[in-house]
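Undergrad: My structure is below; once you've seen it, I'll send some questions.
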Amino acid sequence: MKSDFRKKLYEKYNSSFKTYLSDFNSKSIISMWKTYDYTYLPLISSYPKDISILELGCGRGYMLEYLKNHGYYNLKGIDISEEQIEISHGKGFDVQVSDALEYLENNSSKFKLIFALDFVEHFYKEELFPLFEGIFSSLEEGGLFIMHTPNGQAIISPKMIYGDLTHLTIFTPVSAQQILRIVGFNEIKFYEPEPVPKNFKGIIRLILWKIIKLSFNIIRLVEIGSTEKILTQNFIVSAKK
């Protein structure tokens with residue numbers, strides 16, 4: 001195993017990086033949650049509120065808080081950043097500092113739903129099979145895995161790929177499907193977290209995005225004879241066990 005430079009970065013991940021990266025005020029969090037209404041809630045709305053949910057890399061607990069606000073209560077989160085776990089724990093969530101690979105290997109619990117948002121890109125390629133196999137084995141039969149990760153085929157990708165020193169493996173929908181199918185997942189679906197029409201500004205952004213995407217795909221069609229469906233800087237995947 002390589003000498004893991006990530007440890008030093010994760011020790012101060014919140015205070016030296018996250019705090020300066022984004023302004024996590026109440027207005028921005030509410031806006032993020034409104035976006036979740038369009039991106040994540042439709043994927044889980046059919047599940048009962050008492051399902052067991054695990055979030056890998058739960059960070060400050062914003063997704064856990066969102067789920068709690070929508071009636072889900074059997075929630076657990078892990079993160080390797082002690083700073084961020086302290087914030088999540090302060091909100092009353094069942095969270096713990098843990099290395100994901102070790103947690104998944106030693107975990108005996110089964111979950112109906114596992115989230116991994118902005119998470120899988122932080123692993124070396126040789127860590128990916130233990131990671132995804134651990135996720136698969138930690139799901140109940142019929143359980144759902146949802147991940148959000150930078151898109152290697154995005155129109156604008158460098159910021160998401162190179163904007164964090166701990167980003168190590170970048171996926172495209174094709175490569176994500178490759179490993180998900182190998183470890184046993186099925187019903188794999190991909191989604192673009194495109195601008196959402198939550199207000200007038202969102203409607204305009206969505207229209208402009210459709211125009212930009214069409215223009216880009218015309219160029220691709222001329223060059224290589226095909227188009228791409230997922231061109232946002234991140235993409236979302238849902239996969240069933």
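By convention here, the chains of the structure tokens are called A, B, ... in the order presented, each chain's residues are numbered starting at 1, and ligands are numbered starting at 1 in the order presented.
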With a distance cut-off of 8 Å and only C-alpha atoms, select the neighbouring residues of Gly184 in chain A, excluding the residue or stretch itself and same-chain residues fewer than 3 positions from it, and output the selection as number ranges by chain.
TA: A: 136, 180-181, 241
Undergrad: With all heavy atoms retained, could you export that selection as a compact mmCIF listing (two decimals), in the first residue's frame?
TA:
```txt
# COMPACT_ATOMS: atom_id res chain seq x y z
N PHE A 136 -21.52 -3.38 -1.52
CA PHE A 136 -22.48 -4.39 -1.99
C PHE A 136 -22.86 -5.35 -0.87
O PHE A 136 -24.04 -5.63 -0.65
CB PHE A 136 -21.89 -5.15 -3.18
CG PHE A 136 -22.84 -6.12 -3.82
CD1 PHE A 136 -23.78 -5.68 -4.75
CD2 PHE A 136 -22.81 -7.47 -3.52
CE1 PHE A 136 -24.68 -6.56 -5.35
CE2 PHE A 136 -23.68 -8.37 -4.10
CZ PHE A 136 -24.62 -7.91 -5.02
N LEU A 180 -19.46 -1.44 -11.06
CA LEU A 180 -20.71 -1.78 -10.37
C LEU A 180 -21.25 -3.13 -10.84
O LEU A 180 -21.71 -3.94 -10.02
CB LEU A 180 -21.75 -0.68 -10.60
CG LEU A 180 -21.51 0.64 -9.86
CD1 LEU A 180 -22.42 1.74 -10.42
CD2 LEU A 180 -21.73 0.48 -8.37
N ARG A 181 -21.18 -3.39 -12.14
CA ARG A 181 -21.67 -4.66 -12.66
C ARG A 181 -20.78 -5.82 -12.21
O ARG A 181 -21.27 -6.91 -11.89
CB ARG A 181 -21.75 -4.62 -14.18
CG ARG A 181 -22.89 -3.73 -14.70
CD ARG A 181 -23.32 -4.11 -16.10
NE ARG A 181 -24.41 -3.26 -16.56
CZ ARG A 181 -25.68 -3.41 -16.21
NH1 ARG A 181 -26.01 -4.40 -15.38
NH2 ARG A 181 -26.61 -2.60 -16.67
N LYS A 241 -28.98 -3.96 -5.40
CA LYS A 241 -28.38 -5.25 -5.13
C LYS A 241 -29.37 -6.36 -5.51
O LYS A 241 -30.53 -6.29 -5.11
CB LYS A 241 -28.01 -5.36 -3.66
CG LYS A 241 -27.40 -6.71 -3.27
CD LYS A 241 -26.91 -6.70 -1.85
CE LYS A 241 -26.32 -8.06 -1.48
NZ LYS A 241 -25.78 -8.08 -0.11
```
Undergrad: I'd like the contact shell of range 122-125 of chain A - 6 Å cut-off, only C-alpha atoms, skipping same-chain residues fewer than 3 positions apart - returned as a list in words.
TA: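 Contacts, with the query itself left out: Phe119, Leu128, Thr166, His167 and Leu168 of chain A.
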Undergrad: With C-alpha atoms retained, could you export that selection as a compact mmCIF listing (two decimals), in the first residue's frame?
TA:
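Written file, out-v2.txt:
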```txt
# COMPACT_ATOMS: atom_id res chain seq x y z
CA PHE A 119 -16.78 10.03 -1.88
CA LEU A 128 -11.97 0.39 -5.50
CA THR A 166 -7.52 13.90 -2.21
CA HIS A 167 -9.22 13.17 -5.55
CA LEU A 168 -7.52 10.07 -6.91
```
Undergrad: So that each row is one residue of range 41-114 of chain A with an atom at most 12 Å from range 229-238 of chain A, can you give its shortest atom pair and the distance in Å to one decimal, using only C-alpha atoms, rows by chain and rising number, as JSON lines?
TA:
```
{"residue": "A:Pro42", "atom": "CA", "partner": "A:Ser238", "partner_atom": "CA", "distance": 11.3}
{"residue": "A:Leu43", "atom": "CA", "partner": "A:Ser238", "partner_atom": "CA", "distance": 7.9}
{"residue": "A:Ile44", "atom": "CA", "partner": "A:Ser238", "partner_atom": "CA", "distance": 10.1}
{"residue": "A:Leu113", "atom": "CA", "partner": "A:Ser238", "partner_atom": "CA", "distance": 10.2}
{"residue": "A:Ile114", "atom": "CA", "partner": "A:Ser238", "partner_atom": "CA", "distance": 9.9}
```
Undergrad: Please dump the current selection as a compact mmCIF listing (two decimals), in the first residue's frame; keep N, CA and C atoms.
TA:
```txt
# COMPACT_ATOMS: atom_id res chain seq x y z
N PRO A 42 -36.59 11.90 -5.32
CA PRO A 42 -37.35 10.98 -6.19
C PRO A 42 -36.80 9.55 -6.20
N LEU A 43 -35.53 9.39 -5.88
CA LEU A 43 -34.92 8.06 -5.91
C LEU A 43 -35.28 7.24 -4.68
N ILE A 44 -35.67 7.90 -3.59
CA ILE A 44 -35.90 7.19 -2.33
C ILE A 44 -37.32 7.35 -1.80
N LEU A 113 -30.32 1.28 2.28
CA LEU A 113 -29.87 2.37 1.42
C LEU A 113 -28.50 2.84 1.86
N ILE A 114 -27.58 2.97 0.93
CA ILE A 114 -26.24 3.51 1.21
C ILE A 114 -25.98 4.67 0.27
```
Undergrad: Please indicate the distance in Å from CA of Ser137 in chain A to CA of Leu75 in chain A, rounded to one decimal place.
TA: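 That distance, rounded to one decimal, is 18.1 Å.
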Undergrad: Which polymer residues have any atom within 8 Å of an atom of range 59-68 of chain A, counting only C-alpha atoms, with same-chain residues fewer than 5 positions away left out, as a ChimeraX atom specification?
TA: /A:29,33,73,75-79,81,84-85,87-88,91,93
Undergrad: Looking at A:Val183, A:Ile80, A:Phe171, A:Gly134, which one is nearest to Glu105 in chain A, with distances taken over only C-alpha atoms?
TA: A:Gly134
Undergrad: From a DSSP pass on the backbone, collect the residues of range 54-208 of chain A flagged as alpha helix (DSSP H) and hand them back as an MDAnalysis selection string.
TA: chainID A and resid 62:69 82:90 100:106 125:138 158:162 173:183 200:208
Undergrad: What is the CA of Arg205 in chain A-CA of Ile156 in chain A distance in Å, reported with one decimal?
TA: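 Rounded to one decimal, the two atoms are 15.6 Å apart.
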Undergrad: Please, which residues of range 148-223 of chain A, numbered as in this document, come out strand (DSSP E or B) from DSSP, as a list in words?
TA: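 Across range 148-223 of chain A, those assigned strand (DSSP E or B) are His148, Thr149, Pro150, Asn151, Phe171, Asn186, Glu187, Ile188, Lys189, Phe190 and Tyr191 of chain A.
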Undergrad: I need the chosen residues saved as a CSV table (one decimal), in the first residue's frame, with N, CA, C and O atoms.
TA:
```
chain,number,residue,atom,x,y,z
A,148,HIS,N,-22.6,10.0,-5.9
A,148,HIS,CA,-22.5,11.3,-6.6
A,148,HIS,C,-21.0,11.5,-6.7
A,148,HIS,O,-20.3,11.5,-5.7
A,149,THR,N,-20.5,11.7,-7.9
A,149,THR,CA,-19.0,11.8,-8.1
A,149,THR,C,-18.7,12.7,-9.3
A,149,THR,O,-19.5,12.9,-10.2
A,150,PRO,N,-17.5,13.3,-9.4
A,150,PRO,CA,-17.1,14.1,-10.5
A,150,PRO,C,-17.1,13.3,-11.8
A,150,PRO,O,-16.9,12.1,-11.8
A,151,ASN,N,-17.5,14.0,-12.9
A,151,ASN,CA,-17.7,13.3,-14.2
A,151,ASN,C,-16.5,13.6,-15.1
A,151,ASN,O,-16.2,14.7,-15.5
A,171,PHE,N,-14.3,8.9,-12.4
A,171,PHE,CA,-15.1,8.0,-13.2
A,171,PHE,C,-15.8,8.8,-14.3
A,171,PHE,O,-16.0,10.0,-14.3
A,186,ASN,N,-27.2,-4.4,-10.1
A,186,ASN,CA,-28.0,-4.4,-11.3
A,186,ASN,C,-28.9,-3.2,-11.3
A,186,ASN,O,-28.9,-2.4,-10.3
A,187,GLU,N,-29.8,-3.0,-12.3
A,187,GLU,CA,-30.6,-1.8,-12.4
A,187,GLU,C,-29.9,-0.5,-12.1
A,187,GLU,O,-30.2,0.3,-11.3
A,188,ILE,N,-28.8,-0.4,-12.9
A,188,ILE,CA,-27.9,0.7,-12.7
A,188,ILE,C,-28.4,1.9,-13.6
A,188,ILE,O,-28.6,1.7,-14.8
A,189,LYS,N,-28.6,3.0,-13.0
A,189,LYS,CA,-29.2,4.2,-13.7
A,189,LYS,C,-28.3,5.4,-13.4
A,189,LYS,O,-27.8,5.6,-12.3
A,190,PHE,N,-28.2,6.3,-14.4
A,190,PHE,CA,-27.4,7.5,-14.3
A,190,PHE,C,-28.2,8.7,-14.5
A,190,PHE,O,-29.2,8.7,-15.2
A,191,TYR,N,-27.8,9.8,-13.7
A,191,TYR,CA,-28.6,11.0,-13.8
A,191,TYR,C,-27.7,12.2,-13.8
A,191,TYR,O,-26.6,12.2,-13.2
```
Undergrad: Find the spatial neighbours of Ser226 in chain A, counting only C-alpha atoms, within a cut-off of 12 Å - ignore same-chain residues fewer than 6 positions away - and output them as a list of chain:residue names.
TA: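 The neighbour list is A:Phe216, A:Asn217, A:Ile218, A:Ile219, A:Arg220.
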Undergrad: For the selection just defined, write its residues with N, CA and C atoms to a file, as a compact mmCIF listing (two decimals), in the first residue's frame.
TA:
```
# COMPACT_ATOMS: atom_id res chain seq x y z
N PHE A 216 -22.75 21.21 -27.66
CA PHE A 216 -21.60 20.34 -27.44
C PHE A 216 -21.79 19.00 -28.14
N ASN A 217 -22.99 18.47 -28.08
CA ASN A 217 -23.25 17.17 -28.71
C ASN A 217 -23.24 17.25 -30.23
N ILE A 218 -23.56 18.40 -30.77
CA ILE A 218 -23.44 18.58 -32.22
C ILE A 218 -21.98 18.47 -32.63
N ILE A 219 -21.09 19.08 -31.84
CA ILE A 219 -19.65 18.99 -32.11
C ILE A 219 -19.19 17.54 -32.02
N ARG A 220 -19.63 16.83 -30.99
CA ARG A 220 -19.27 15.42 -30.83
C ARG A 220 -19.79 14.58 -32.00
```
Undergrad: Counting only C-alpha atoms, which residue out of A:Leu104, A:Ile135, A:Val222, A:Leu56 sits closest to Lys240 in chain A?
TA: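 Distance minimum relative to Lys240 in chain A lands on A:Ile135.
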